[in-house]
Every structure is written in C-alpha cells, then in structure tokens.
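Listing of work39.pdb; format and content: PDB, C-alpha atoms and all ligand atoms.
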ATOM      1  CA  MET A   1    -102.615  98.267 131.975
ATOM      2  CA  PRO A   2    -106.054  97.094 132.943
ATOM      3  CA  ASP A   3    -105.882  94.177 130.504
ATOM      4  CA  ARG A   4    -103.012  92.459 132.289
ATOM      5  CA  ARG A   5    -104.708  92.851 135.633
ATOM      6  CA  ASP A   6    -107.831  91.189 134.289
ATOM      7  CA  THR A   7    -105.790  88.274 133.025
ATOM      8  CA  ASP A   8    -104.154  87.753 136.384
ATOM      9  CA  VAL A   9    -107.479  87.652 138.161
ATOM     10  CA  THR A  10    -108.942  85.168 135.695
ATOM     11  CA  ARG A  11    -105.957  82.891 135.974
ATOM     12  CA  GLY A  12    -106.220  82.897 139.717
ATOM     13  CA  GLU A  13    -102.573  83.807 140.144
ATOM     14  CA  ILE A  14    -101.391  84.710 143.585
ATOM     15  CA  ASP A  15    -102.068  88.388 143.260
ATOM     16  CA  ASP A  16    -101.365  89.247 146.836
ATOM     17  CA  THR A  17     -97.895  87.870 147.369
ATOM     18  CA  PRO A  18     -97.471  87.084 151.050
ATOM     19  CA  THR A  19     -95.316  89.538 152.901
ATOM     20  CA  VAL A  20     -93.201  89.338 155.987
ATOM     21  CA  ALA A  21     -92.081  92.201 158.174
ATOM     22  CA  CYS A  22     -89.170  92.648 160.529
ATOM     23  CA  SER A  23     -89.362  95.405 163.086
ATOM     24  CA  ARG A  24     -85.684  95.070 163.903
ATOM     25  CA  CYS A  25     -84.747  95.801 160.308
ATOM     26  CA  ASP A  26     -87.694  98.173 159.998
ATOM     27  CA  ARG A  27     -88.467  96.616 156.645
ATOM     28  CA  GLU A  28     -91.060  94.515 154.875
ATOM     29  CA  TRP A  29     -90.483  91.956 152.163
ATOM     30  CA  ASP A  30     -92.764  90.093 149.838
ATOM     31  CA  LEU A  31     -91.992  86.443 149.387
ATOM     32  CA  ASP A  32     -91.878  86.333 145.614
ATOM     33  CA  TYR A  33     -88.188  85.414 145.662
ATOM     34  CA  GLU A  34     -88.856  82.423 147.913
ATOM     35  CA  LEU A  35     -91.858  81.416 145.816
ATOM     36  CA  ASP A  36     -90.424  81.984 142.345
ATOM     37  CA  GLU A  37     -86.713  81.319 142.715
ATOM     38  CA  LEU A  38     -86.618  78.782 145.495
ATOM     39  CA  HIS A  39     -90.005  77.174 144.777
ATOM     40  CA  ALA A  40     -90.554  77.091 148.502
ATOM     41  CA  GLY A  41     -94.353  77.036 148.204
ATOM     42  CA  ASN A  42     -96.014  76.693 151.575
ATOM     43  CA  GLY A  43     -92.623  76.791 153.219
ATOM     44  CA  ALA A  44     -91.826  80.241 151.829
ATOM     45  CA  LEU A  45     -92.224  82.007 155.146
ATOM     46  CA  GLU A  46     -90.183  79.346 156.873
ATOM     47  CA  GLN A  47     -87.473  79.598 154.247
ATOM     48  CA  PHE A  48     -87.423  83.364 154.561
ATOM     49  CA  ALA A  49     -87.252  83.193 158.338
ATOM     50  CA  LEU A  50     -84.315  80.775 158.290
ATOM     51  CA  ASP A  51     -82.458  82.792 155.674
ATOM     52  CA  HIS A  52     -83.165  85.993 157.537
ATOM     53  CA  ARG A  53     -81.733  84.562 160.698
ATOM     54  CA  GLN A  54     -78.712  83.181 158.914
ATOM     55  CA  HIS A  55     -77.844  86.555 157.460
ATOM     56  CA  THR A  56     -78.979  88.930 160.183
ATOM     57  CA  GLY A  57     -78.851  86.827 163.332
ATOM     58  CA  HIS A  58     -82.535  87.243 164.199
ATOM     59  CA  PHE A  59     -85.950  86.061 163.069
ATOM     60  CA  PRO A  60     -88.510  88.345 161.412
ATOM     61  CA  ASP A  61     -91.796  89.282 163.100
ATOM     62  CA  ASP A  62     -94.523  86.706 163.672
ATOM     63  CA  VAL A  63     -92.023  83.906 163.943
ATOM     64  CA  THR A  64     -91.654  82.317 167.350
ATOM     65  CA  PRO A  65     -88.693  80.002 167.184
ATOM     66  CA  TRP A  66     -87.943  76.982 169.302
ATOM     67  CA  LEU A  67     -84.745  77.658 171.175
ATOM     68  CA  ALA A  68     -82.424  74.861 172.120
ATOM     69  CA  GLU A  69     -79.777  75.938 174.551
ATOM     70  CA  CYS A  70     -77.107  73.770 176.074
ATOM     71  CA  ARG A  71     -76.845  74.085 179.819
ATOM     72  CA  ARG A  72     -73.193  73.115 179.909
ATOM     73  CA  CYS A  73     -71.589  74.846 176.934
ATOM     74  CA  PRO A  74     -72.331  77.945 174.823
ATOM     75  CA  ASP A  75     -73.862  75.885 172.022
ATOM     76  CA  HIS A  76     -77.387  76.886 171.062
ATOM     77  CA  GLU A  77     -79.612  76.827 168.025
ATOM     78  CA  ALA A  78     -83.029  78.099 166.966
ATOM     79  CA  PHE A  79     -85.648  76.233 164.935
ATOM     80  CA  LEU A  80     -89.063  76.936 163.516
ATOM     81  CA  SER A  81     -90.690  73.800 164.826
ATOM     82  CA  GLU A  82     -90.345  71.420 167.717
ATOM     83  CA  ARG A  83     -89.123  68.382 165.850
ATOM     84  CA  PRO A  84     -85.784  69.685 164.555
ATOM     85  CA  ALA A  85     -85.227  71.517 167.840
ATOM     86  CA  ARG A  86     -85.781  68.333 169.797
ATOM     87  CA  ARG A  87     -83.595  66.420 167.391
ATOM     88  CA  TRP A  88     -80.778  68.944 167.814
ATOM     89  CA  ALA A  89     -81.125  68.734 171.590
ATOM     90  CA  GLU A  90     -81.094  64.958 171.581
ATOM     91  CA  THR A  91     -78.080  64.648 169.310
ATOM     92  CA  HIS A  92     -76.200  67.295 171.265
ATOM     93  CA  ALA A  93     -76.951  65.436 174.478
ATOM     94  CA  ARG A  94     -75.962  62.161 172.865
ATOM     95  CA  HIS A  95     -72.609  63.343 171.584
ATOM     96  CA  THR A  96     -71.557  65.665 174.362
ATOM     97  CA  ARG A  97     -73.478  64.271 177.333
ATOM     98  CA  HIS A  98     -74.754  67.770 178.001
ATOM     99  CA  GLY A  99     -78.302  68.549 179.110
ATOM    100  CA  VAL A 100     -80.140  70.839 176.706
ATOM    101  CA  ALA A 101     -83.002  73.226 177.492
ATOM    102  CA  LEU A 102     -85.792  73.588 174.929
ATOM    103  CA  GLN A 103     -87.973  76.680 175.015
ATOM    104  CA  HIS A 104     -90.901  77.965 173.033
ATOM    105  CA  ALA A 105     -93.495  80.660 173.604
ATOM    106  CA  SER A 106     -96.286  78.073 173.573
ATOM    107  CA  VAL A 107     -94.738  76.024 176.356
ATOM    108  CA  ASP A 108     -94.840  77.327 179.910
ATOM    109  CA  GLU A 109     -91.990  75.313 181.285
ATOM    110  CA  THR A 110     -88.602  74.735 179.775
ATOM    111  CA  ILE A 111     -88.224  71.225 178.422
ATOM    112  CA  ILE A 112     -84.991  69.627 179.532
ATOM    113  CA  ILE A 113     -83.408  67.004 177.328
ATOM    114  CA  GLU A 114     -81.127  64.953 179.529
ATOM    115  CA  PRO A 115     -78.164  63.087 178.105
ATOM    116  CA  PRO A 116     -78.499  59.293 177.962
ATOM    117  CA  SER A 117     -77.489  57.702 181.229
ATOM    118  CA  GLN A 118     -74.785  55.518 179.793
TER     119      GLN A 118
HETATM  120 ZN    ZN B   1     -84.593  91.615 160.493
HETATM  121 ZN    ZN B   2     -73.212  71.388 175.180
END
As structure tokens:
Amino acid sequence: MPDRRDTDVTRGEIDDTPTVACSRCDREWDLDYELDELHAGNGALEQFALDHRQHTGHFPDDVTPWLAECRRCPDHEAFLSERPARRWAETHARHTRHGVALQHASVDETIIIEPPSQ
C-alpha cells in the first residue's frame, strides 16, 4: 500500500524503529514494544537492556554495564550508568560495611567504594 507509506513519511513518524541485537540470543528486536507499550521514549534501549538482563541474565549487545561487586560477599549488581551503580555500592557499604568494587569499560582502574569508617 503505497498510500499508507506516503502518509507515514509526511507525518514524520518514526519509520525506522530502533533495533537492538543480542549475539548471545542470536536475535534482534525492534523497540516498538518499549516505545508504544511502555512509553519509554529515549530510555527505550535502557528499558530493553534492563528487562533483557532480568529475564535472561545478560545484557544485549552495545550495552556496557557498570558492575558493582562486593569484595566481601557474593552480592553484585549491574547498572547502565554510573550513578545508580555508585549508589548501590555506597548503600551496600553503608549497611554491610563491605567494600564494593565498581567497574566499567570506560574506566581503566576499578573504583573501590570503602565502607564508612564508623
Ligand atoms: Zn540475549
Ligand atoms: Zn557485601
């Protein structure tokens, strides 16, 4: 139907829905569910990545998570940006008095969040 296509172009609709691939799943998804159902907007990729990890245990391609890993207990968590990762590390250190290691591909050295001294 050429008519419908013309309409879409005129209206400036997102014709090329963003896609995300996962080599571990050997699959590719478009983000229309995140955009239409969850109204995630600019956070659609982020939303997909978090959901993907929740249900499969890993992140899709092109996502480099911040990893927060406790040095004293098996607790660990992954985040898409530094702020929540740092917050997790700081609260874990605060409540358990454990040191937490923060790692990200963009940072050469591991960041260590030490528990408060008292
Ligand atoms: Zn996957
Ligand atoms: Zn811990």
Exercise. By how many Å are CA of Ala21 in chain A and CA of Glu109 in chain A apart?
Worked result: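 Separating CA of Ala21 in chain A from CA of Glu109 in chain A is a distance of 28.6 Å.
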Problem set entry | For Pro65 in chain A, the nearest of the candidates A:Leu35, A:Val20, A:Ile111, A:Leu102, counting all atoms listed in the file | A:Leu102
Exercise. Which residues match the PyMOL selection byres (((chain A and resi 87) around 12) and not hetatm) in the file above, as number ranges by chain?
Worked result: A: 66-68, 77-79, 81-86, 88-94, 100, 102, 113
As a check of understanding, name the residues that the PyMOL selection byres (((chain A and resi 25) around 12) and not hetatm) selects in the supplied structure, as a compact mmCIF listing (two decimals) with C-alpha atoms, keeping the file's coordinate frame.
# COMPACT_ATOMS: atom_id res chain seq x y z
CA VAL A 20 -93.20 89.34 155.99
CA ALA A 21 -92.08 92.20 158.17
CA CYS A 22 -89.17 92.65 160.53
CA SER A 23 -89.36 95.40 163.09
CA ARG A 24 -85.68 95.07 163.90
CA ASP A 26 -87.69 98.17 160.00
CA ARG A 27 -88.47 96.62 156.65
CA GLU A 28 -91.06 94.52 154.88
CA TRP A 29 -90.48 91.96 152.16
CA HIS A 52 -83.16 85.99 157.54
CA ARG A 53 -81.73 84.56 160.70
CA HIS A 55 -77.84 86.56 157.46
CA THR A 56 -78.98 88.93 160.18
CA GLY A 57 -78.85 86.83 163.33
CA HIS A 58 -82.54 87.24 164.20
CA PHE A 59 -85.95 86.06 163.07
CA PRO A 60 -88.51 88.34 161.41
CA ASP A 61 -91.80 89.28 163.10
Exercise. Between CA of Ser117 in chain A and CA of Thr96 in chain A, what is the distance, to one decimal in Å?
Worked result: 12.1 Å
For this session: Record the distance separating CA of Gly43 in chain A and CA of Ala105 in chain A, expressed in Å with one decimal.
Result: 20.8 Å
For this session: Throw together the list of residues within 7 Å of ligand ZN 2 (chain B), counting only C-alpha atoms and all ligand atoms, and drop it here as a VMD selection string.
Result: chain A and resid 70 to 75 92 96 98
Problem set entry | Nearest to ligand ZN 1 (chain B), chosen from A:Gln54, A:Ser106, A:Thr64, A:Gln47, with all atoms listed in the file counted in the distances |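 Counting all atoms listed in the file, the residue closest to ligand ZN 1 (chain B) is A:Gln54.
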Around all of range 98-116 of chain A's listed atoms, make the axis-aligned box with 8 Å on each side and tell me centre and edge lengths in Å to one decimal, as JSON.
{"center_x": -85.5, "center_y": 70.0, "center_z": 177.2, "size_x": 37.5, "size_y": 37.4, "size_z": 24.3}
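For the set A:His104, A:Glu114, A:Val63, A:Arg97, the residue with the smallest atom-to-atom gap to ligand ZN 1 (chain B) is A:Val63, counting all atoms listed in the file.
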Exercise. Which one is closest to ligand ZN 1 (chain B): A:Glu34, A:His39, A:Pro18, A:Ala49? Count all atoms listed in the file.
Worked result: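 Closest candidate: A:Ala49.
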Exercise. Of the residues A:Val107, A:Leu80, A:Pro115, A:Leu50, which is the one nearest to ligand ZN 1 (chain B), using only C-alpha atoms and all ligand atoms?
Worked result: A:Leu50
